[in-house]
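To be precise, the following lines are start_27.tsv, and they hold TSV, C-alpha atoms.
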chain	number	residue	atom	x	y	z
A	1	MET	CA	4.13	-5.70	-25.58
A	2	SER	CA	1.73	-2.78	-25.74
A	3	SER	CA	3.93	0.28	-25.33
A	4	THR	CA	1.97	2.67	-27.59
A	5	PHE	CA	-0.92	4.88	-26.51
A	6	GLY	CA	-3.21	7.09	-28.60
A	7	THR	CA	-4.94	7.16	-31.99
A	8	ILE	CA	-3.74	10.35	-33.71
A	9	PHE	CA	-1.46	11.81	-31.04
A	10	ARG	CA	0.48	8.59	-30.41
A	11	VAL	CA	3.16	7.94	-27.82
A	12	THR	CA	5.50	4.96	-27.60
A	13	THR	CA	7.65	4.69	-24.48
A	14	PHE	CA	10.86	2.66	-24.21
A	15	GLY	CA	13.54	1.68	-21.73
A	16	GLU	CA	14.00	-0.24	-18.50
A	17	SER	CA	14.53	0.98	-14.95
A	18	HIS	CA	18.24	0.10	-14.79
A	19	GLY	CA	19.06	0.20	-18.52
A	20	GLY	CA	20.96	2.91	-20.35
A	21	ALA	CA	18.05	5.27	-20.88
A	22	VAL	CA	14.29	5.70	-20.97
A	23	GLY	CA	12.19	7.88	-23.21
A	24	ALA	CA	9.42	8.18	-25.74
A	25	VAL	CA	8.63	8.70	-29.40
A	26	VAL	CA	5.73	11.07	-30.10
A	27	ASP	CA	4.01	10.70	-33.46
A	28	GLY	CA	1.14	12.87	-34.65
A	29	CYS	CA	2.10	16.11	-32.92
A	30	PRO	CA	0.97	18.98	-35.18
A	31	PRO	CA	3.72	20.94	-36.95
A	32	ARG	CA	4.91	24.48	-36.17
A	33	LEU	CA	4.53	24.14	-32.39
A	34	ALA	CA	7.34	26.01	-30.62
A	35	LEU	CA	9.14	23.32	-28.64
A	36	THR	CA	12.44	22.98	-26.80
A	37	GLU	CA	13.66	20.92	-23.87
A	38	ALA	CA	12.75	23.85	-21.61
A	39	ASP	CA	9.06	23.14	-22.30
A	40	ILE	CA	9.43	19.56	-21.08
A	41	GLN	CA	11.94	19.71	-18.23
A	42	PRO	CA	9.74	21.36	-15.54
A	43	GLN	CA	7.33	18.41	-15.41
A	44	LEU	CA	10.21	15.94	-15.34
A	45	ASP	CA	11.70	17.88	-12.43
A	46	ARG	CA	8.42	17.48	-10.54
A	47	ARG	CA	8.48	13.72	-11.22
A	48	ARG	CA	12.15	12.98	-10.57
A	49	PRO	CA	13.36	11.03	-7.51
A	50	GLY	CA	15.23	12.52	-4.57
A	51	GLN	CA	13.03	15.60	-4.16
A	52	SER	CA	12.47	15.25	-0.41
A	53	ALA	CA	12.46	12.85	2.53
A	54	LEU	CA	9.10	11.61	1.25
A	55	THR	CA	10.58	10.07	-1.92
A	56	THR	CA	13.16	7.54	-3.04
A	57	PRO	CA	16.77	8.72	-2.61
A	58	ARG	CA	17.77	7.52	-6.10
A	59	GLY	CA	19.86	10.36	-7.55
A	60	GLU	CA	18.74	11.20	-11.07
A	61	LEU	CA	18.69	14.57	-12.84
A	62	ASP	CA	16.29	13.22	-15.49
A	63	THR	CA	17.49	15.72	-18.09
A	64	VAL	CA	15.61	15.33	-21.37
A	65	ARG	CA	17.06	15.59	-24.87
A	66	ILE	CA	15.03	16.05	-28.06
A	67	LEU	CA	16.67	13.89	-30.72
A	68	SER	CA	14.33	14.45	-33.66
A	69	GLY	CA	11.12	16.06	-34.87
A	70	THR	CA	12.09	19.72	-34.41
A	71	GLU	CA	14.11	22.29	-36.28
A	72	GLN	CA	14.91	25.81	-35.13
A	73	GLY	CA	12.65	25.28	-32.14
A	74	LEU	CA	9.54	24.25	-34.11
A	75	THR	CA	7.94	20.82	-34.48
A	76	LEU	CA	8.04	19.42	-37.99
A	77	GLY	CA	5.03	17.10	-37.80
A	78	THR	CA	7.44	14.16	-37.84
A	79	PRO	CA	8.18	11.77	-34.94
A	80	ILE	CA	9.67	13.48	-31.89
A	81	ALA	CA	12.21	11.30	-30.10
A	82	LEU	CA	12.81	12.10	-26.43
A	83	VAL	CA	15.49	10.46	-24.29
A	84	VAL	CA	16.52	10.64	-20.63
A	85	ALA	CA	19.69	8.88	-19.49
A	86	ASN	CA	19.68	6.57	-16.46
A	87	ARG	CA	22.71	7.56	-14.38
A	88	ASP	CA	22.24	6.22	-10.85
A	89	THR	CA	21.61	2.58	-11.76
A	90	LYS	CA	22.33	-0.20	-9.27
A	91	PRO	CA	21.26	-3.50	-10.85
A	92	GLY	CA	23.39	-5.33	-8.30
A	93	ASP	CA	20.87	-4.43	-5.60
A	94	TYR	CA	18.51	-6.96	-7.19
A	95	ALA	CA	20.90	-9.91	-7.62
A	96	ASP	CA	19.59	-11.72	-4.55
A	97	MET	CA	16.04	-11.40	-5.84
A	98	ALA	CA	16.61	-12.86	-9.31
A	99	ASP	CA	15.00	-16.17	-8.35
A	100	VAL	CA	12.29	-14.75	-6.10
A	101	PRO	CA	9.15	-13.08	-7.47
A	102	ARG	CA	8.62	-10.09	-5.21
A	103	PRO	CA	5.15	-9.94	-3.58
A	104	SER	CA	2.67	-7.76	-5.50
A	105	HIS	CA	5.25	-6.90	-8.19
A	106	ALA	CA	5.11	-7.88	-11.87
A	107	ASP	CA	8.04	-10.31	-11.57
A	108	PHE	CA	5.89	-13.45	-11.61
A	109	THR	CA	3.47	-12.34	-14.33
A	110	TYR	CA	6.19	-11.04	-16.69
A	111	GLN	CA	8.11	-14.30	-16.26
A	112	MET	CA	4.99	-16.34	-17.01
A	113	LYS	CA	4.12	-14.24	-20.07
A	114	TYR	CA	7.55	-13.83	-21.70
A	115	GLY	CA	9.70	-16.55	-20.15
A	116	VAL	CA	12.23	-13.85	-19.29
A	117	ARG	CA	12.21	-10.55	-17.47
A	118	ALA	CA	14.36	-7.60	-16.44
A	119	ALA	CA	15.11	-8.69	-12.88
A	120	SER	CA	16.68	-5.37	-11.86
A	121	GLY	CA	14.17	-2.78	-10.71
A	122	GLY	CA	11.22	-4.32	-12.51
A	123	GLY	CA	12.29	-3.27	-16.01
A	124	ARG	CA	9.29	-1.97	-17.97
A	125	SER	CA	6.97	-2.41	-14.99
A	126	SER	CA	9.01	0.11	-12.99
A	127	ALA	CA	7.60	3.59	-12.43
A	128	ARG	CA	10.71	4.86	-14.22
A	129	GLU	CA	8.92	3.99	-17.47
A	130	THR	CA	6.64	6.97	-16.78
A	131	ILE	CA	9.43	9.42	-17.64
A	132	GLY	CA	8.54	8.97	-21.31
A	133	ARG	CA	4.88	9.61	-20.55
A	134	VAL	CA	5.64	12.81	-18.65
A	135	ALA	CA	7.91	14.12	-21.40
A	136	ALA	CA	5.31	13.36	-24.08
A	137	GLY	CA	2.52	14.75	-21.92
A	138	ALA	CA	4.34	18.07	-21.58
A	139	ILE	CA	4.25	18.42	-25.38
A	140	ALA	CA	0.57	17.52	-25.52
A	141	GLU	CA	-0.18	19.95	-22.73
A	142	LYS	CA	1.54	22.87	-24.44
A	143	TRP	CA	-0.40	22.21	-27.64
A	144	LEU	CA	-3.69	21.97	-25.71
A	145	ARG	CA	-2.99	25.21	-23.88
A	146	LEU	CA	-2.30	27.09	-27.12
A	147	LYS	CA	-5.03	25.35	-29.13
A	148	ALA	CA	-7.92	25.52	-26.67
A	149	GLY	CA	-6.74	27.14	-23.45
A	150	VAL	CA	-6.92	23.84	-21.56
A	151	GLU	CA	-5.40	23.86	-18.07
A	152	ILE	CA	-4.62	20.63	-16.19
A	153	VAL	CA	-3.91	20.60	-12.44
A	154	ALA	CA	-3.62	17.54	-10.21
A	155	TRP	CA	-2.91	17.25	-6.50
A	156	VAL	CA	-2.70	14.73	-3.67
A	157	SER	CA	-6.14	14.51	-2.05
A	158	GLY	CA	-5.55	11.49	0.17
A	159	VAL	CA	-2.79	9.53	1.88
A	160	GLY	CA	-3.82	6.48	3.87
A	161	ALA	CA	-6.77	7.48	6.06
A	162	VAL	CA	-6.04	11.22	5.69
A	163	GLU	CA	-8.25	13.01	3.16
A	164	ALA	CA	-8.18	16.65	2.10
A	165	PRO	CA	-11.44	18.60	1.69
A	166	ASP	CA	-12.93	18.89	-1.81
A	167	LEU	CA	-10.75	21.43	-3.62
A	168	ALA	CA	-11.92	20.83	-7.20
A	169	ALA	CA	-13.82	24.12	-7.53
A	170	ARG	CA	-11.12	26.37	-6.04
A	171	GLY	CA	-9.20	27.19	-9.20
A	172	LEU	CA	-5.97	25.69	-7.89
A	173	THR	CA	-2.68	26.30	-9.70
A	174	ARG	CA	0.42	24.14	-9.81
A	175	ALA	CA	2.14	26.70	-7.60
A	176	ASP	CA	-0.55	26.02	-4.99
A	177	VAL	CA	0.05	22.29	-5.34
A	178	ASP	CA	3.84	22.54	-5.12
A	179	ALA	CA	3.78	24.70	-1.99
A	180	ASN	CA	4.65	21.63	0.11
A	181	ALA	CA	6.50	18.37	-0.48
A	182	VAL	CA	3.42	16.13	-0.34
A	183	ARG	CA	1.67	18.23	-3.04
A	184	CYS	CA	-1.60	18.72	-1.16
A	185	PRO	CA	-2.86	22.34	-1.34
A	186	ASP	CA	-4.67	22.06	2.00
A	187	THR	CA	-2.04	22.90	4.62
A	188	ALA	CA	-3.65	21.09	7.54
A	189	ALA	CA	-4.21	17.88	5.55
A	190	ALA	CA	-0.72	18.13	4.03
A	191	LYS	CA	0.92	18.05	7.45
A	192	LYS	CA	-1.03	14.94	8.43
A	193	MET	CA	-0.23	13.27	5.10
A	194	GLU	CA	3.47	13.97	5.48
A	195	ALA	CA	3.41	12.44	8.96
A	196	GLU	CA	1.69	9.33	7.58
A	197	ILE	CA	4.31	8.89	4.86
A	198	LEU	CA	7.25	9.42	7.22
A	199	ALA	CA	5.74	6.97	9.73
A	200	ALA	CA	5.44	4.33	7.00
A	201	ARG	CA	9.02	5.00	5.86
A	202	ASP	CA	10.40	4.75	9.39
A	203	ALA	CA	8.55	1.45	9.87
A	204	LYS	CA	10.19	0.17	6.65
A	205	ASP	CA	6.71	0.03	5.17
A	206	SER	CA	4.66	1.91	2.56
A	207	ILE	CA	1.29	3.60	2.19
A	208	GLY	CA	-1.14	4.41	-0.62
A	209	GLY	CA	-2.98	7.54	-1.65
A	210	ILE	CA	-5.33	9.36	-4.01
A	211	ILE	CA	-4.70	12.01	-6.67
A	212	THR	CA	-7.48	14.32	-7.87
A	213	CYS	CA	-7.16	15.99	-11.27
A	214	VAL	CA	-9.13	18.87	-12.80
A	215	CYS	CA	-8.95	19.75	-16.51
A	216	ARG	CA	-10.36	23.22	-17.12
A	217	GLY	CA	-11.21	24.79	-20.48
A	218	VAL	CA	-12.12	21.54	-22.24
A	219	PRO	CA	-14.78	22.52	-24.82
A	220	PRO	CA	-17.92	20.45	-25.40
A	221	GLY	CA	-17.69	17.76	-28.05
A	222	TRP	CA	-14.46	15.90	-27.29
A	223	GLY	CA	-14.63	12.12	-26.93
A	224	GLU	CA	-15.96	9.26	-29.03
A	225	PRO	CA	-19.25	7.60	-27.95
A	226	VAL	CA	-19.78	3.94	-27.06
A	227	PHE	CA	-16.41	2.13	-26.86
A	228	HIS	CA	-14.08	5.14	-26.71
A	229	LYS	CA	-15.96	7.39	-24.34
A	230	LEU	CA	-13.79	10.15	-22.93
A	231	GLU	CA	-14.06	8.82	-19.38
A	232	ALA	CA	-13.31	5.29	-20.60
A	233	VAL	CA	-10.09	6.42	-22.30
A	234	LEU	CA	-9.15	8.47	-19.23
A	235	ALA	CA	-9.71	5.38	-17.09
A	236	GLN	CA	-7.52	3.29	-19.39
A	237	ALA	CA	-4.81	5.95	-19.30
A	238	MET	CA	-4.81	6.25	-15.53
A	239	LEU	CA	-5.08	2.53	-14.80
A	240	SER	CA	-2.13	1.91	-17.12
A	241	LEU	CA	0.06	3.76	-14.62
A	242	PRO	CA	2.12	1.68	-12.17
A	243	ALA	CA	0.52	1.09	-8.75
A	244	THR	CA	-2.97	2.31	-9.73
A	245	LYS	CA	-5.95	0.39	-8.38
A	246	GLY	CA	-8.96	2.65	-8.90
A	247	PHE	CA	-10.47	5.40	-11.06
A	248	GLU	CA	-13.61	7.46	-10.66
A	249	ILE	CA	-14.96	10.52	-12.42
A	250	GLY	CA	-17.39	13.15	-11.17
A	251	SER	CA	-19.43	11.81	-8.28
A	252	GLY	CA	-17.83	8.39	-8.75
A	253	PHE	CA	-18.83	5.74	-6.25
A	254	ALA	CA	-20.36	8.37	-3.96
A	255	GLY	CA	-23.00	8.93	-6.64
A	256	THR	CA	-24.46	5.50	-5.90
A	257	ARG	CA	-25.70	6.86	-2.57
A	258	MET	CA	-27.59	9.76	-4.17
A	259	ARG	CA	-31.06	10.08	-5.69
A	260	GLY	CA	-31.34	11.04	-9.35
A	261	SER	CA	-33.20	14.20	-8.39
A	262	VAL	CA	-30.06	15.36	-6.57
A	263	HIS	CA	-27.44	13.83	-8.84
A	264	ASN	CA	-28.75	15.28	-12.13
A	265	ASP	CA	-26.90	18.35	-13.47
A	266	PRO	CA	-29.51	20.94	-14.57
A	267	PHE	CA	-28.60	23.17	-17.52
A	268	VAL	CA	-28.22	26.92	-17.01
A	269	GLN	CA	-26.94	29.85	-19.03
A	270	LYS	CA	-23.28	30.58	-18.26
A	271	ALA	CA	-21.49	33.60	-19.75
A	272	GLY	CA	-23.14	33.23	-23.12
A	273	ARG	CA	-23.10	29.44	-23.27
A	274	LEU	CA	-25.18	26.59	-21.98
A	275	GLY	CA	-23.60	24.89	-18.97
A	276	THR	CA	-24.63	22.90	-15.93
A	277	LYS	CA	-25.48	24.17	-12.46
A	278	THR	CA	-23.72	21.24	-10.77
A	279	ASN	CA	-21.01	18.91	-12.04
A	280	PHE	CA	-21.73	15.44	-10.68
A	281	SER	CA	-21.07	14.19	-14.24
A	282	GLY	CA	-17.46	15.30	-13.93
A	283	GLY	CA	-17.51	17.13	-17.25
A	284	VAL	CA	-18.56	14.14	-19.38
A	285	GLN	CA	-22.01	13.05	-20.55
A	286	GLY	CA	-22.57	10.19	-22.99
A	287	GLY	CA	-18.79	9.81	-23.23
A	288	ILE	CA	-18.41	13.35	-24.64
A	289	SER	CA	-17.11	16.45	-22.86
A	290	ASN	CA	-19.88	18.92	-21.98
A	291	GLY	CA	-17.76	22.05	-21.42
A	292	GLU	CA	-17.60	21.75	-17.63
A	293	PRO	CA	-14.31	20.95	-15.86
A	294	LEU	CA	-13.24	17.32	-16.05
A	295	VAL	CA	-12.85	16.09	-12.47
A	296	PHE	CA	-11.50	12.63	-11.72
A	297	ARG	CA	-9.61	10.73	-9.02
A	298	VAL	CA	-6.99	7.99	-9.21
A	299	ALA	CA	-6.19	5.54	-6.40
A	300	PHE	CA	-2.61	4.34	-5.91
A	301	LYS	CA	-1.78	1.29	-3.80
A	302	PRO	CA	1.05	1.20	-1.23
A	303	PRO	CA	4.35	0.64	-3.10
A	304	ALA	CA	5.04	-3.07	-3.24
A	305	THR	CA	8.75	-2.73	-2.42
A	306	ILE	CA	9.21	-2.50	1.33
A	307	SER	CA	12.28	-3.04	3.51
A	308	GLN	CA	10.62	-5.38	5.99
A	309	PRO	CA	11.43	-9.12	5.75
A	310	GLN	CA	8.57	-10.90	3.96
A	311	GLN	CA	7.74	-14.58	3.99
A	312	THR	CA	7.14	-15.68	0.40
A	313	ALA	CA	8.29	-18.34	-2.10
A	314	ASP	CA	10.83	-18.51	-4.92
A	315	PHE	CA	9.97	-19.54	-8.49
A	316	ASN	CA	10.37	-23.20	-7.48
A	317	GLY	CA	7.78	-22.81	-4.74
A	318	GLN	CA	10.31	-23.07	-1.92
A	319	PRO	CA	9.67	-20.87	1.14
A	320	VAL	CA	12.05	-17.94	1.42
A	321	THR	CA	12.44	-14.79	3.47
A	322	LEU	CA	12.72	-11.81	1.13
A	323	GLU	CA	14.53	-8.72	2.36
A	324	ALA	CA	14.25	-6.26	-0.50
A	325	LYS	CA	17.15	-4.00	-1.33
A	326	GLY	CA	17.09	-1.06	-3.69
A	327	ARG	CA	15.58	2.39	-3.33
A	328	HIS	CA	11.88	3.06	-3.33
A	329	ASP	CA	9.20	5.57	-2.43
A	330	PRO	CA	7.28	4.99	0.81
A	331	CYS	CA	4.31	6.58	-1.03
A	332	VAL	CA	4.13	7.27	-4.75
A	333	VAL	CA	1.49	9.98	-4.90
A	334	PRO	CA	3.66	13.10	-4.37
A	335	ARG	CA	5.73	12.20	-7.46
A	336	ALA	CA	2.75	10.80	-9.39
A	337	VAL	CA	1.00	14.19	-9.67
A	338	PRO	CA	2.78	15.21	-12.93
A	339	ILE	CA	2.32	11.67	-14.28
A	340	VAL	CA	-1.46	11.91	-13.89
A	341	GLU	CA	-1.38	15.36	-15.53
A	342	ALA	CA	0.67	13.95	-18.41
A	343	MET	CA	-1.74	11.10	-19.12
A	344	ALA	CA	-4.70	13.50	-18.99
A	345	ALA	CA	-2.94	15.72	-21.53
A	346	LEU	CA	-2.27	12.78	-23.85
A	347	VAL	CA	-5.92	11.72	-23.74
A	348	LEU	CA	-7.22	15.23	-24.36
A	349	ALA	CA	-4.76	16.03	-27.17
A	350	ASP	CA	-5.79	12.85	-28.95
A	351	ALA	CA	-9.49	13.63	-28.42
A	352	ALA	CA	-9.03	17.17	-29.72
A	353	LEU	CA	-7.27	15.96	-32.87
A	354	GLN	CA	-9.98	13.35	-33.47
A	355	GLN	CA	-12.63	16.05	-33.20
A	356	GLN	CA	-10.61	18.35	-35.44
A	357	ALA	CA	-10.41	15.59	-38.07
A	358	ARG	CA	-14.19	15.68	-38.35
A	359	GLY	CA	-13.85	19.04	-40.10
Can I see the file as C-alpha cells?
Amino acid sequence: MSSTFGTIFRVTTFGESHGGAVGAVVDGCPPRLALTEADIQPQLDRRRPGQSALTTPRGELDTVRILSGTEQGLTLGTPIALVVANRDTKPGDYADMADVPRPSHADFTYQMKYGVRAASGGGRSSARETIGRVAAGAIAEKWLRLKAGVEIVAWVSGVGAVEAPDLAARGLTRADVDANAVRCPDTAAAKKMEAEILAARDAKDSIGGIITCVCRGVPPGWGEPVFHKLEAVLAQAMLSLPATKGFEIGSGFAGTRMRGSVHNDPFVQKAGRLGTKTNFSGGVQGGISNGEPLVFRVAFKPPATISQPQQTADFNGQPVTLEAKGRHDPCVVPRAVPIVEAMAALVLADAALQQQARG
C-alpha cells in the first residue's frame, strides 16, 4: 500500500479509523527547527470532529504527541514520529455492514485488492487517516514560513450550488476564514452554505463543495519540469485526499473559454522583481513556480455515508437495503480546509528542498 508521500521531505501515515491510534512519520525534515506539539495542535484542532452542527459528532480531542526526532524542542534531522490516539471508537456501529460494500465507499475495491479490509469506518480509506497529514503538514508549514516566508491559506468557496465570489486576491488570513463555522470568508455566501449543509443533514443526506487555496511568498524556481511539474504534484497531493473528485489551478477549466490574448500573463516590473500583471497561470509556468501566488481549487464529492436507506447488494450480489450507522459529516469541506493546507505545505517543502539540493 502506498502510504508515503514526498521525495526529500517524506511523510508516511499509519493507522485505521477505529484502531488504537493514527499518525505519521516525517523523514527529511531539516535539523534545528524549533518544534513542539504546540506548533502542530492548532491545525489538528481545526480538523477535528465535533466542532459544530455542520460536522460529525464523533468526540475526539485529537491531541498529538511527538515520540521521536526532537530534543530540547529542536528537530534532530532524524525521523519525527507523531501519534494521535483514537478515543471515541465504535466499531460495533459497522457490524451490520460487514458483508455489504457501502455505495461509493472503498469497501468493494479494498476487498478486491487485498482480500481483506478494515470493515469498521473504512480503515485506511477513512478521512481519519488525514490526521497524520495535517500533523506533518504543520511541521512543513513552519519550516516554509521561516525558510522563505511562505503563507498558505485555504477556505470554502463553494457548497452545492452556492459559490462565494473570487477572494484569491484579498490577502485573506486564517482568522478571516475561521470567523464562521463553514469557513467561508464571505459572510453572505457563508450563511447560504450553512443552510445548504444543515438542509442536507436534516434530510439524512450529504452535499459536496469546493476549497480554494492560495500559497503566497513562493519564490520562482520551485518544481521539477516534465513529469514532476509543481501543479502535477499538487494535483496528486490533493486528489489523494478522501472524497476529492477534481483539481484545477489558475484559470482552470474556465480558461478554456478564453482567448490566448486575454489569458496570457504579461510580465511587468514589481517591487524590484519581474512579475506578471495577471495570474491566470496560477503561479506556475512550465511546471515551475514563477513567484506569483499559487492559486488552486479542489472539489469534494458529497460524503458517501448517508443515513437514508439505500437499495444496493451484498458481496454475494444479493439485493439488500443498507441503513448506514456511524457518525459522519454532511459536508466535508469545513473540516477539509486544514487538510488542503497541509498537503500544499508538504508539496512546497519537498519542492524547496529539491531546489536547495541543486546548490
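Closest to A:Thr173 among A:Arg201, A:Arg145, A:Arg216, A:Arg65 is A:Arg216, based on all atoms listed in the file.
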Leaving out A:Glu16 and any residue of its chain fewer than 4 positions from it, which residues lie within 10 Å of it when counting all atoms listed in the file, given as a ChimeraX atom specification?
/A:20-23,86,118,120-129
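Using only C-alpha atoms, the smallest distance between any of A:Met343, A:Leu35, A:Val337, A:Cys331 and A:Val177 comes from A:Val337.
Among the candidates A:Leu61, A:Ala161, A:Gly255, A:Gln111, the one nearest to A:Arg48 when counting only C-alpha atoms is A:Leu61.
Proximity to A:Ala169 at 10 Å, evaluated using only C-alpha atoms and with sequence-adjacent residues fewer than 6 positions away removed, yields Val214, Asn279, Pro293 and Val295 of chain A.
For the residues A:Val100, A:Ala342, A:Ala352, A:Ala24, ranking by smallest atom-to-atom distance to A:Pro319 using only C-alpha atoms places A:Val100 first.
Put simply, atom CA of A:Leu353 is 9.1 Å away from atom CA of A:Pro30.
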Which one is closest to A:Asn290: A:Ala235, A:Val332, A:Leu230, A:Ile210? Count all atoms listed in the file.
A:Leu230
Can you pull out the residues contacting A:Glu292? Cut-off 7 Å, using only C-alpha atoms, and skip same-chain residues under 2 positions away; I want them as a list in words.
Gly275, Gly283, Asn290 and Leu294 of chain A
At what distance in Å, to one decimal, does atom CA of A:Arg133 lie from atom CA of A:Phe227?
23.4 Å
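Take atom CA of A:Ala188 and atom CA of A:Leu172: the distance between them is 16.3 Å.
Among the candidates A:Lys277, A:Cys215, A:Gln355, A:Ser251, the one nearest to A:Val150 when counting all atoms listed in the file is A:Cys215.
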Skipping near chain neighbours, those fewer than 5 positions away, what residues fall within 10 Å of A:Thr36 using all atoms listed in the file, listed as a ChimeraX atom specification?
/A:41,64-66,70-75,139
